[in-house]
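Participant: The structure that follows is given in the form of structure tokens.
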Amino acid sequence: MISGPLARYDTKLKQFHQKGRLRVLGTDAGADFTSNDYLGLAASPRMRAALVAALERGVPAGAGGSRLLRGNHAEHEALEEAAAIFFRSERMLYFGSGYAANVAVLSTLPQRGDLVVHDALVHASAYEGMRAGRAEVVPVPHNDAGAVEDAIRSWRAAGGTGCPWIVVESLYSMDGNRAPMFDLIEIADRHNGFLYIDEAHATGVHGIDGRGYAANLEGRDNVIVLHTCGKALGSSGALVGASRVICDFLVNRARPFIYATAPSPLQAASVRQALAILSEEPERRARLHALVDFANERFAERFGRAGSGTQILPVIIGDNGRTIRMAERMQSEGFDIRAIRPPTVPAGTARLRITITLNVDAPTITRMIDQLAVAMAEETP
Ligand SMILES: Cc1ncc(COP(=O)(O)O)c(C=O)c1O
């Protein structure tokens with residue numbers, strides 16, 4: 001029994017356990033059906049060689065300080081230049097993580113008097129950024145463009161004079177479905193607002209050349225795009241694509257950018273290599289899309305309903321306990337599938353979040369889906 005100052009935390013952990021919400025760290029547990037390393041780049045020979053080459057030409061492991069002090073390294077700038085060309089953005093700014101970038105953008109750019117309308121299912125880091133900012137924040141139901149427009153109209157009718165912001169993900173991380181991007185940009189244009197698009201799960205996988213679903217919108221003054229580098233790009237960090245003015249403003253005002261040690265220059269070198277791989281090895285994307293189609297077809301055959309159609313295939317179970325049992329069972333069969341529970345997803349929608357990556361092949365997908373059907377039938381609520 002833990003007592004003293006730790007007792008309240010221990011009690012809460014016990015409550016999490018009772019509700020099936022306790023989280024523990026685990027190592028990899030079989031064939032990869034859970035990572036976001038969609039293109040299988042993280043451990044690829046080309047990424048490894050790029051890091052070795054960077055070390056050999058003297059790129060340091062650590063930046064040694066904030067970008068605004070001595071931490072700004074030629075590797076950061078080379079990456080930002082290469083990324084601006086690749087994504088056709090006026091400028092790109094590299095952050096240590098997507099989490100930090102979302103907090104930076106959303107706590108810094110929307111100003112007091114502005115309105116931020118966001119999809120209810122945006123990532124926790126976007127919530128964190130909006131919470132830290134000064135604008136009014138309104139959630140709208142998932143993928144409901146009409147509700148976005150209504151929220152802006154009501155705010156204007158009530159005297160709102162600032163700038164409206166629309167905050168979405170292009171491909172939702174826990175549902176694998178797409179935002180109605182073209183409706184949203186029309187709304188942003190109509191109301192002189194900004195559209196902020198988190199491309200975390202689309203970057204490298206979807207859109208022209210893997211540039212994401214916002215590929216046609218990037219470079220516009222009222223569009224700001226986040227490309228995370230820890231998912232399909234196989235490294236870490238995140239690139240914010242925006243106009244020069246917006247990037248300069250972030251450099252001057254975004255606390256997560258200013259008051260943090262710059263990302264490792266080695267990490268920047270590896271992201272630059274990932275962008276080169278996207279351009280030079282389009283067959284990776286083609287192979288991934290073929291696997292994704294295969295998995296969605298097998299899924300539909302087995303379960304009698306369509307999958308998400310993308311590389312993120314959620315299987316909503318509902319009950320936390322059953323979801324955990326199913327995940328453990330799949331792991332014991334050699335398939336690394338994890339339970340995603342509230343508060344990461346809405347209450348009552350605990351799920352297995354299955355991802356398709358180039359780290360698995362078609363026969364493994366078939367075996368996984370067959371085993372999943374068995375587990376579904378036997379692990380009753
Ligand atoms: C939609 C979305 N945005 C942002 C992030 C945060 O990115 P990072 O993992 O680079 O911090 C994630 C990752 O979990 C994500 O899924």
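Lettering and numbering for the structure tokens are positional, with chains as A, B, ... in the shown order, residues counted from 1 in each chain, and ligands counted from 1 in the shown order.
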Run DSSP on the backbone and tell me which residues of range 264-315 of chain A come out as strand (DSSP E); list them as a list in words.
Facilitator: Ile312, Leu313, Pro314 and Val315 of chain A
Participant: Could you write those residues out with all heavy atoms, as a short mmCIF file (atom, residue, chain, number, x, y, z; two decimals), in the first residue's frame?
Facilitator:
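The resulting file, result17.cif, is shown below:
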```cif
data_model
loop_
_atom_site.label_atom_id
_atom_site.label_comp_id
_atom_site.auth_asym_id
_atom_site.auth_seq_id
_atom_site.Cartn_x
_atom_site.Cartn_y
_atom_site.Cartn_z
N ILE A 312 -4.95 3.10 -42.43
CA ILE A 312 -5.35 3.02 -41.02
C ILE A 312 -6.72 2.35 -40.98
O ILE A 312 -7.71 2.88 -41.48
CB ILE A 312 -5.44 4.44 -40.39
CG1 ILE A 312 -4.07 5.12 -40.46
CG2 ILE A 312 -5.94 4.36 -38.95
CD1 ILE A 312 -4.09 6.60 -40.11
N LEU A 313 -6.73 1.15 -40.41
CA LEU A 313 -7.95 0.33 -40.42
C LEU A 313 -8.44 0.14 -38.98
O LEU A 313 -8.01 -0.79 -38.30
CB LEU A 313 -7.61 -1.05 -40.98
CG LEU A 313 -7.78 -1.32 -42.45
CD1 LEU A 313 -7.19 -2.69 -42.80
CD2 LEU A 313 -9.26 -1.31 -42.82
N PRO A 314 -9.33 1.00 -38.51
CA PRO A 314 -9.79 0.82 -37.13
C PRO A 314 -10.84 -0.28 -37.03
O PRO A 314 -11.66 -0.43 -37.92
CB PRO A 314 -10.40 2.18 -36.79
CG PRO A 314 -10.82 2.75 -38.09
CD PRO A 314 -9.97 2.14 -39.17
N VAL A 315 -10.77 -1.06 -35.97
CA VAL A 315 -11.82 -2.05 -35.70
C VAL A 315 -12.42 -1.64 -34.35
O VAL A 315 -11.81 -1.86 -33.30
CB VAL A 315 -11.23 -3.47 -35.63
CG1 VAL A 315 -12.34 -4.49 -35.35
CG2 VAL A 315 -10.51 -3.81 -36.94
#
```
Participant: Distance limit 10 Å, reference ligand 1, atoms considered: only C-alpha atoms and all ligand atoms. Which residues make the cut? Give them as a short mmCIF file (atom, residue, chain, number, x, y, z; two decimals) with all heavy atoms, in the first residue's frame.
Facilitator:
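Saved the output as part-v8.cif:
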```
data_model
loop_
_atom_site.label_atom_id
_atom_site.label_comp_id
_atom_site.auth_asym_id
_atom_site.auth_seq_id
_atom_site.Cartn_x
_atom_site.Cartn_y
_atom_site.Cartn_z
N ASN A 36 3.43 3.65 -37.42
CA ASN A 36 3.10 4.59 -38.50
C ASN A 36 4.25 4.68 -39.50
O ASN A 36 4.33 5.63 -40.28
CB ASN A 36 2.83 5.99 -37.92
CG ASN A 36 1.74 5.96 -36.87
OD1 ASN A 36 0.68 5.39 -37.12
ND2 ASN A 36 1.99 6.54 -35.71
N PHE A 95 10.47 21.55 -36.68
CA PHE A 95 10.29 21.45 -35.23
C PHE A 95 10.75 20.08 -34.74
O PHE A 95 10.81 19.13 -35.53
CB PHE A 95 8.80 21.62 -34.86
CG PHE A 95 8.29 23.02 -35.01
CD1 PHE A 95 7.94 23.52 -36.25
CD2 PHE A 95 8.14 23.84 -33.90
CE1 PHE A 95 7.46 24.82 -36.39
CE2 PHE A 95 7.66 25.13 -34.02
CZ PHE A 95 7.32 25.62 -35.27
N GLY A 96 10.96 19.98 -33.43
CA GLY A 96 11.42 18.71 -32.86
C GLY A 96 10.40 17.60 -32.89
O GLY A 96 10.74 16.41 -32.87
N SER A 97 9.11 17.94 -32.95
CA SER A 97 8.07 16.91 -33.03
C SER A 97 6.79 17.55 -33.58
O SER A 97 6.64 18.77 -33.55
CB SER A 97 7.77 16.31 -31.65
OG SER A 97 7.11 17.27 -30.84
N GLY A 98 5.89 16.68 -34.03
CA GLY A 98 4.59 17.17 -34.48
C GLY A 98 3.81 17.74 -33.32
O GLY A 98 3.07 18.72 -33.47
N TYR A 99 4.00 17.14 -32.15
CA TYR A 99 3.30 17.64 -30.97
C TYR A 99 3.70 19.10 -30.72
O TYR A 99 2.85 19.98 -30.58
CB TYR A 99 3.66 16.76 -29.75
CG TYR A 99 2.78 16.97 -28.56
CD1 TYR A 99 1.79 16.05 -28.23
CD2 TYR A 99 2.91 18.10 -27.75
CE1 TYR A 99 0.95 16.25 -27.13
CE2 TYR A 99 2.09 18.32 -26.67
CZ TYR A 99 1.12 17.38 -26.36
OH TYR A 99 0.29 17.58 -25.28
N ALA A 100 5.02 19.34 -30.70
CA ALA A 100 5.51 20.71 -30.45
C ALA A 100 5.04 21.66 -31.55
O ALA A 100 4.69 22.81 -31.28
CB ALA A 100 7.04 20.69 -30.38
N ALA A 101 5.01 21.18 -32.79
CA ALA A 101 4.62 22.06 -33.90
C ALA A 101 3.14 22.44 -33.79
O ALA A 101 2.77 23.60 -33.99
CB ALA A 101 4.89 21.35 -35.24
N ASN A 102 2.29 21.47 -33.46
CA ASN A 102 0.87 21.79 -33.30
C ASN A 102 0.67 22.79 -32.16
O ASN A 102 -0.11 23.74 -32.29
CB ASN A 102 0.05 20.52 -33.01
CG ASN A 102 -0.58 19.95 -34.27
OD1 ASN A 102 -0.76 20.66 -35.26
ND2 ASN A 102 -0.90 18.67 -34.25
N VAL A 103 1.36 22.56 -31.06
CA VAL A 103 1.22 23.50 -29.94
C VAL A 103 1.73 24.88 -30.38
O VAL A 103 1.09 25.90 -30.12
CB VAL A 103 2.00 22.98 -28.69
CG1 VAL A 103 2.01 24.05 -27.60
CG2 VAL A 103 1.36 21.69 -28.17
N LEU A 121 -12.29 15.57 -33.71
CA LEU A 121 -11.35 14.45 -33.60
C LEU A 121 -9.89 14.83 -33.85
O LEU A 121 -9.05 13.95 -34.07
CB LEU A 121 -11.75 13.32 -34.56
CG LEU A 121 -13.10 12.64 -34.27
CD1 LEU A 121 -13.26 11.39 -35.14
CD2 LEU A 121 -13.25 12.29 -32.80
N VAL A 122 -9.56 16.13 -33.81
CA VAL A 122 -8.15 16.47 -34.04
C VAL A 122 -7.29 15.94 -32.89
O VAL A 122 -7.76 15.68 -31.79
CB VAL A 122 -7.89 17.99 -34.25
CG1 VAL A 122 -8.48 18.45 -35.57
CG2 VAL A 122 -8.39 18.80 -33.07
N HIS A 123 -6.01 15.83 -33.17
CA HIS A 123 -5.04 15.22 -32.25
C HIS A 123 -4.91 16.00 -30.93
O HIS A 123 -5.10 17.22 -30.90
CB HIS A 123 -3.68 15.20 -32.97
CG HIS A 123 -2.65 14.39 -32.28
ND1 HIS A 123 -1.62 14.94 -31.56
CD2 HIS A 123 -2.48 13.04 -32.22
CE1 HIS A 123 -0.85 13.96 -31.09
NE2 HIS A 123 -1.35 12.81 -31.48
N ALA A 124 -4.53 15.27 -29.88
CA ALA A 124 -4.36 15.87 -28.55
C ALA A 124 -3.45 17.10 -28.59
O ALA A 124 -3.68 18.08 -27.86
CB ALA A 124 -3.78 14.82 -27.60
N SER A 125 -2.43 17.08 -29.43
CA SER A 125 -1.49 18.21 -29.45
C SER A 125 -2.15 19.46 -30.03
O SER A 125 -1.82 20.59 -29.63
CB SER A 125 -0.24 17.86 -30.26
OG SER A 125 -0.57 17.35 -31.54
N ALA A 126 -3.11 19.28 -30.94
CA ALA A 126 -3.84 20.44 -31.47
C ALA A 126 -4.72 21.02 -30.35
O ALA A 126 -4.79 22.24 -30.17
CB ALA A 126 -4.68 20.03 -32.68
N VAL A 168 -8.05 21.08 -38.99
CA VAL A 168 -8.44 19.69 -39.30
C VAL A 168 -7.20 18.82 -39.50
O VAL A 168 -6.09 19.32 -39.64
CB VAL A 168 -9.28 19.62 -40.62
CG1 VAL A 168 -10.61 20.33 -40.46
CG2 VAL A 168 -8.51 20.18 -41.81
N GLU A 169 -7.44 17.51 -39.54
CA GLU A 169 -6.42 16.59 -40.03
C GLU A 169 -6.86 16.19 -41.43
O GLU A 169 -8.06 16.09 -41.70
CB GLU A 169 -6.36 15.33 -39.15
CG GLU A 169 -5.72 15.61 -37.81
CD GLU A 169 -5.75 14.43 -36.85
OE1 GLU A 169 -5.80 13.27 -37.30
OE2 GLU A 169 -5.74 14.69 -35.64
N SER A 170 -5.90 15.94 -42.31
CA SER A 170 -6.32 15.55 -43.66
C SER A 170 -6.73 14.08 -43.68
O SER A 170 -7.61 13.69 -44.42
CB SER A 170 -5.20 15.82 -44.67
OG SER A 170 -4.06 15.04 -44.37
N LEU A 171 -6.09 13.27 -42.83
CA LEU A 171 -6.43 11.85 -42.71
C LEU A 171 -6.43 11.54 -41.22
O LEU A 171 -5.38 11.67 -40.57
CB LEU A 171 -5.38 10.99 -43.43
CG LEU A 171 -5.53 9.48 -43.30
CD1 LEU A 171 -6.81 9.01 -43.95
CD2 LEU A 171 -4.35 8.76 -43.93
N TYR A 172 -7.59 11.20 -40.70
CA TYR A 172 -7.71 11.11 -39.24
C TYR A 172 -7.00 9.89 -38.67
O TYR A 172 -7.18 8.77 -39.16
CB TYR A 172 -9.19 11.19 -38.83
CG TYR A 172 -9.62 12.63 -38.91
CD1 TYR A 172 -10.06 13.17 -40.12
CD2 TYR A 172 -9.47 13.47 -37.82
CE1 TYR A 172 -10.37 14.52 -40.22
CE2 TYR A 172 -9.77 14.82 -37.91
CZ TYR A 172 -10.23 15.34 -39.11
OH TYR A 172 -10.51 16.68 -39.20
N SER A 173 -6.20 10.15 -37.63
CA SER A 173 -5.24 9.16 -37.14
C SER A 173 -5.89 7.93 -36.55
O SER A 173 -5.31 6.85 -36.57
CB SER A 173 -4.32 9.80 -36.10
OG SER A 173 -5.07 10.28 -35.01
N MET A 174 -7.08 8.06 -35.98
CA MET A 174 -7.71 6.93 -35.32
C MET A 174 -8.86 6.34 -36.14
O MET A 174 -9.44 5.32 -35.76
CB MET A 174 -8.25 7.35 -33.94
CG MET A 174 -7.15 7.74 -32.99
SD MET A 174 -6.10 6.32 -32.62
CE MET A 174 -4.53 7.13 -32.31
N ILE A 197 -3.97 22.48 -41.71
CA ILE A 197 -4.17 21.07 -42.05
C ILE A 197 -3.02 20.23 -41.47
O ILE A 197 -1.86 20.41 -41.86
CB ILE A 197 -4.19 20.88 -43.58
CG1 ILE A 197 -5.23 21.81 -44.22
CG2 ILE A 197 -4.47 19.43 -43.94
CD1 ILE A 197 -5.00 22.05 -45.70
N ASP A 198 -3.37 19.33 -40.57
CA ASP A 198 -2.38 18.40 -40.02
C ASP A 198 -2.36 17.17 -40.93
O ASP A 198 -3.30 16.39 -40.96
CB ASP A 198 -2.81 18.05 -38.58
CG ASP A 198 -1.85 17.08 -37.90
OD1 ASP A 198 -1.06 16.43 -38.60
OD2 ASP A 198 -1.92 16.98 -36.66
N GLU A 199 -1.26 17.04 -41.66
CA GLU A 199 -1.13 15.95 -42.65
C GLU A 199 -0.41 14.73 -42.08
O GLU A 199 0.04 13.87 -42.85
CB GLU A 199 -0.33 16.45 -43.87
CG GLU A 199 -1.02 17.49 -44.72
CD GLU A 199 -1.69 16.89 -45.95
OE1 GLU A 199 -2.26 15.79 -45.86
OE2 GLU A 199 -1.62 17.54 -47.00
N ALA A 200 -0.28 14.67 -40.74
CA ALA A 200 0.59 13.65 -40.12
C ALA A 200 0.51 12.28 -40.79
O ALA A 200 1.53 11.66 -41.06
CB ALA A 200 0.26 13.52 -38.64
N HIS A 201 -0.71 11.80 -41.06
CA HIS A 201 -0.84 10.43 -41.57
C HIS A 201 -0.97 10.36 -43.09
O HIS A 201 -1.06 9.27 -43.66
CB HIS A 201 -2.01 9.72 -40.88
CG HIS A 201 -1.72 9.58 -39.42
ND1 HIS A 201 -1.03 8.51 -38.90
CD2 HIS A 201 -1.96 10.41 -38.38
CE1 HIS A 201 -0.87 8.68 -37.60
NE2 HIS A 201 -1.43 9.83 -37.26
N ALA A 202 -0.98 11.51 -43.74
CA ALA A 202 -1.05 11.51 -45.21
C ALA A 202 0.33 11.77 -45.82
O ALA A 202 0.63 11.28 -46.91
CB ALA A 202 -2.03 12.58 -45.68
N LEU A 226 0.94 21.00 -41.71
CA LEU A 226 1.91 20.31 -40.85
C LEU A 226 2.24 18.94 -41.45
O LEU A 226 1.32 18.14 -41.69
CB LEU A 226 1.30 20.10 -39.46
CG LEU A 226 2.15 19.25 -38.51
CD1 LEU A 226 3.34 20.04 -38.00
CD2 LEU A 226 1.33 18.73 -37.35
N HIS A 227 3.52 18.70 -41.70
CA HIS A 227 3.97 17.38 -42.14
C HIS A 227 4.83 16.80 -41.03
O HIS A 227 5.92 17.32 -40.76
CB HIS A 227 4.81 17.48 -43.41
CG HIS A 227 4.06 18.00 -44.59
ND1 HIS A 227 3.15 17.24 -45.28
CD2 HIS A 227 4.06 19.22 -45.19
CE1 HIS A 227 2.63 17.96 -46.26
NE2 HIS A 227 3.16 19.16 -46.23
N THR A 228 4.35 15.76 -40.36
CA THR A 228 5.20 15.18 -39.33
C THR A 228 6.21 14.25 -40.00
O THR A 228 5.97 13.70 -41.08
CB THR A 228 4.39 14.42 -38.26
OG1 THR A 228 3.70 13.35 -38.89
CG2 THR A 228 3.40 15.34 -37.56
N CYS A 229 7.34 14.06 -39.35
CA CYS A 229 8.45 13.30 -39.96
C CYS A 229 8.68 11.97 -39.25
O CYS A 229 9.59 11.23 -39.62
CB CYS A 229 9.72 14.14 -39.94
SG CYS A 229 9.49 15.79 -40.59
N GLY A 230 7.87 11.65 -38.25
CA GLY A 230 8.07 10.42 -37.49
C GLY A 230 7.18 9.29 -37.96
O GLY A 230 7.17 8.21 -37.37
N LYS A 231 6.40 9.53 -39.01
CA LYS A 231 5.48 8.49 -39.48
C LYS A 231 6.03 7.96 -40.81
O LYS A 231 7.05 7.28 -40.81
CB LYS A 231 4.07 9.04 -39.50
CG LYS A 231 3.70 9.56 -38.07
CD LYS A 231 2.34 10.10 -37.95
CE LYS A 231 2.16 10.94 -36.68
NZ LYS A 231 2.40 10.24 -35.42
N SER A 235 11.50 9.12 -39.56
CA SER A 235 12.50 9.78 -38.71
C SER A 235 11.78 10.40 -37.52
O SER A 235 11.03 9.71 -36.82
CB SER A 235 13.26 10.81 -39.54
OG SER A 235 14.22 11.46 -38.75
N SER A 236 11.98 11.68 -37.28
CA SER A 236 11.18 12.38 -36.27
C SER A 236 11.26 13.87 -36.52
O SER A 236 12.06 14.34 -37.34
CB SER A 236 11.63 12.02 -34.85
OG SER A 236 12.93 12.46 -34.65
N GLY A 237 10.41 14.60 -35.81
CA GLY A 237 10.31 16.03 -36.03
C GLY A 237 9.09 16.34 -36.90
O GLY A 237 8.29 15.44 -37.21
N ALA A 238 8.95 17.61 -37.26
CA ALA A 238 7.80 18.01 -38.09
C ALA A 238 8.13 19.28 -38.83
O ALA A 238 8.86 20.14 -38.34
CB ALA A 238 6.58 18.23 -37.21
N LEU A 239 7.57 19.38 -40.04
CA LEU A 239 7.79 20.55 -40.89
C LEU A 239 6.48 21.32 -41.02
O LEU A 239 5.46 20.74 -41.41
CB LEU A 239 8.26 20.08 -42.27
CG LEU A 239 9.68 19.51 -42.29
CD1 LEU A 239 9.84 18.48 -43.41
CD2 LEU A 239 10.70 20.64 -42.45
#
```
Participant: Which distance in Å separates CA of Ala269 in chain A and CA of Phe33 in chain A, to one decimal?
Facilitator: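 Between CA of Ala269 in chain A and CA of Phe33 in chain A the gap is 27.4 Å.
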Participant: Skipping near chain neighbours, those fewer than 5 positions away, what residues fall within 12 Å of Ser154 in chain A using only C-alpha atoms, listed as number ranges by chain?
Facilitator: A: 115, 117, 138, 147-149, 159-161, 164
Participant: Would you write out, as a tab-separated table, a table of all residues in range 254-286 of chain A that have an atom no more than 12 Å from an atom of range 104-113 of chain A, listing for each the closest atom pair and the distance in Å to one decimal, considering only C-alpha atoms and ordering rows by chain and rising residue number?
Facilitator:
```
residue	atom	partner	partner_atom	distance
A:Ala254	CA	A:Ala104	CA	5.1
A:Arg255	CA	A:Ala104	CA	6.5
A:Pro256	CA	A:Ala104	CA	5.6
A:Phe257	CA	A:Ala104	CA	6.9
A:Ile258	CA	A:Ala104	CA	9.6
A:Tyr259	CA	A:Ala104	CA	10.9
A:Ala260	CA	A:Ala104	CA	11.4
```
Participant: Please produce a file of those selected residues containing C-alpha atoms, as a PDB file, in the first residue's frame.
Facilitator:
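Listed below is the output, out_37.pdb:
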```
ATOM      1  CA  ALA A 254       6.285  30.419 -30.949  1.00  0.00           C
ATOM      2  CA  ARG A 255       7.485  29.398 -27.506  1.00  0.00           C
ATOM      3  CA  PRO A 256       8.023  25.694 -28.347  1.00  0.00           C
ATOM      4  CA  PHE A 257      10.332  26.829 -31.172  1.00  0.00           C
ATOM      5  CA  ILE A 258      12.174  29.514 -29.223  1.00  0.00           C
ATOM      6  CA  TYR A 259      12.584  27.921 -25.816  1.00  0.00           C
ATOM      7  CA  ALA A 260      13.707  24.452 -26.859  1.00  0.00           C
TER       8      ALA A 260
END
```
Participant: Which neighbours of range 296-307 of chain A fall inside 12 Å, counting only C-alpha atoms, when residues of the same chain fewer than 3 positions from it are skipped, and could you give them as a tab-separated table (two decimals) with C-alpha atoms, in the first residue's frame?
Facilitator:
```tsv
chain	number	residue	atom	x	y	z
A	175	ASP	CA	-10.38	6.53	-38.02
A	176	GLY	CA	-8.42	6.50	-41.24
A	177	ASN	CA	-10.89	8.73	-43.05
A	289	HIS	CA	-1.14	1.27	-51.87
A	290	ALA	CA	-1.36	-2.23	-53.32
A	291	LEU	CA	-1.03	-3.73	-49.82
A	292	VAL	CA	-3.59	-1.30	-48.43
A	293	ASP	CA	-6.09	-2.25	-51.15
A	310	THR	CA	-6.69	3.73	-46.22
A	311	GLN	CA	-3.64	2.41	-44.37
A	312	ILE	CA	-5.35	3.02	-41.02
A	313	LEU	CA	-7.95	0.33	-40.42
A	314	PRO	CA	-9.79	0.82	-37.13
A	315	VAL	CA	-11.82	-2.05	-35.70
A	316	ILE	CA	-14.15	-0.46	-33.20
A	353	ARG	CA	-6.07	0.50	-34.61
A	354	ILE	CA	-4.57	-1.64	-37.34
A	355	THR	CA	-2.08	-0.05	-39.69
A	356	ILE	CA	-0.74	-1.38	-42.95
A	362	ALA	CA	0.29	-9.86	-48.15
A	363	PRO	CA	0.33	-13.41	-46.66
A	364	THR	CA	0.91	-11.95	-43.18
A	365	ILE	CA	-2.06	-9.61	-43.71
A	366	THR	CA	-4.25	-12.55	-44.70
A	367	ARG	CA	-3.22	-14.50	-41.61
A	368	MET	CA	-3.79	-11.47	-39.40
A	369	ILE	CA	-7.31	-10.89	-40.72
A	370	ASP	CA	-8.20	-14.59	-40.40
A	371	GLN	CA	-6.96	-14.57	-36.82
A	372	LEU	CA	-8.82	-11.34	-36.10
A	373	ALA	CA	-12.07	-12.96	-37.23
A	374	VAL	CA	-11.44	-15.86	-34.84
A	376	MET	CA	-13.80	-11.45	-32.69
A	377	ALA	CA	-15.96	-14.55	-32.55
```
Participant: Using only C-alpha atoms, which residues sit within 10 Å of Gln267 in chain A once same-chain residues fewer than 2 positions away are excluded, as a ChimeraX atom specification?
Facilitator: /A:51,54,61-62,75-76,79,96,229,235-237,263-265,269-273
Participant: Quick one: residues within 7 Å of Asp114 in chain A, only C-alpha atoms counted, chain neighbours fewer than 5 positions away excluded, as a list in words?
Facilitator: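 That gives Ala135, Glu136, Gly162, Cys163 and Pro164 of chain A.
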Participant: Let's have the selection written as a PDB file, in the first residue's frame, with N, CA, C and O atoms.
Facilitator:
```pdb
ATOM      1  N   ALA A 135      -7.386  32.743 -28.728  1.00  0.00           N
ATOM      2  CA  ALA A 135      -8.596  32.872 -29.543  1.00  0.00           C
ATOM      3  C   ALA A 135      -9.747  32.070 -28.919  1.00  0.00           C
ATOM      4  O   ALA A 135      -9.522  31.182 -28.104  1.00  0.00           O
ATOM      5  N   GLU A 136     -10.954  32.403 -29.365  1.00  0.00           N
ATOM      6  CA  GLU A 136     -12.115  31.600 -28.962  1.00  0.00           C
ATOM      7  C   GLU A 136     -12.050  30.272 -29.733  1.00  0.00           C
ATOM      8  O   GLU A 136     -11.689  30.264 -30.915  1.00  0.00           O
ATOM      9  N   GLY A 162     -12.562  39.277 -35.662  1.00  0.00           N
ATOM     10  CA  GLY A 162     -11.204  38.789 -35.947  1.00  0.00           C
ATOM     11  C   GLY A 162     -11.185  37.867 -37.158  1.00  0.00           C
ATOM     12  O   GLY A 162     -12.030  37.945 -38.052  1.00  0.00           O
ATOM     13  N   CYS A 163     -10.218  36.992 -37.153  1.00  0.00           N
ATOM     14  CA  CYS A 163     -10.033  36.091 -38.293  1.00  0.00           C
ATOM     15  C   CYS A 163     -10.485  34.676 -37.904  1.00  0.00           C
ATOM     16  O   CYS A 163     -10.130  34.198 -36.826  1.00  0.00           O
ATOM     17  N   PRO A 164     -11.253  34.011 -38.762  1.00  0.00           N
ATOM     18  CA  PRO A 164     -11.611  32.627 -38.437  1.00  0.00           C
ATOM     19  C   PRO A 164     -10.520  31.647 -38.888  1.00  0.00           C
ATOM     20  O   PRO A 164      -9.884  31.850 -39.928  1.00  0.00           O
TER      21      PRO A 164
END
```
Participant: CA of Gly241 in chain A and CA of Arg190 in chain A, how far apart in Å?
Facilitator: 22.0 Å
Participant: I'd like to know which of A:Arg48, A:Arg70, A:Arg156, A:Arg322 is closest to Pro381 in chain A, using only C-alpha atoms.
Facilitator: A:Arg322
Participant: Write out as a compact mmCIF listing (two decimals) with C-alpha atoms, in the first residue's frame each polymer residue whose atoms come within 9 Å of Asn222 in chain A, counting only C-alpha atoms; drop sequence neighbours fewer than 3 positions from it.
Facilitator:
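Saved to selection-v5.txt:
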```txt
# COMPACT_ATOMS: atom_id res chain seq x y z
CA ILE A 185 -10.87 25.65 -48.32
CA ALA A 188 -11.89 29.51 -45.43
CA ASP A 189 -11.74 31.62 -48.61
CA ASN A 192 -11.22 35.38 -45.20
CA GLY A 193 -9.96 32.74 -42.83
CA PHE A 194 -7.03 30.37 -42.47
CA LEU A 195 -7.12 26.61 -42.99
CA TYR A 196 -4.65 24.63 -40.85
CA GLY A 219 1.69 27.67 -51.08
CA ALA A 242 3.49 28.35 -44.67
CA SER A 243 4.23 31.75 -46.13
```
Participant: What does the distance between CA of Arg134 in chain A and CA of Asp248 in chain A come to in Å, to one decimal place?
Facilitator: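 It comes out at 19.6 Å.
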Participant: If you run DSSP on the backbone here, which positions in range 46-238 of chain A get helix (DSSP H, G or I)? Please write them as a ChimeraX atom specification.
Facilitator: /A:46-56,74-87,98-108,124-132,145-157,181-190,208-210
Participant: Calculated over only C-alpha atoms, which of the candidates A:Arg211, A:Arg21, A:Lys14, A:Arg67 has the smallest distance to Ala347 in chain A?
Facilitator: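 Nearest candidate to Ala347 in chain A out of A:Arg211, A:Arg21, A:Lys14, A:Arg67: A:Arg21.
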Participant: Taking into account only C-alpha atoms, which residue in the set A:Ala350, A:Trp165, A:Glu186, A:Ile152 is nearest to Gly318 in chain A?
Facilitator: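 Distance minimum relative to Gly318 in chain A lands on A:Ala350.
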Participant: Under the rule that only C-alpha atoms are counted, which of A:Leu184, A:Val116, A:Leu352, A:Leu39 is the nearest residue to Met326 in chain A?
Facilitator: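 Among the listed residues, A:Leu352 lies closest to Met326 in chain A.
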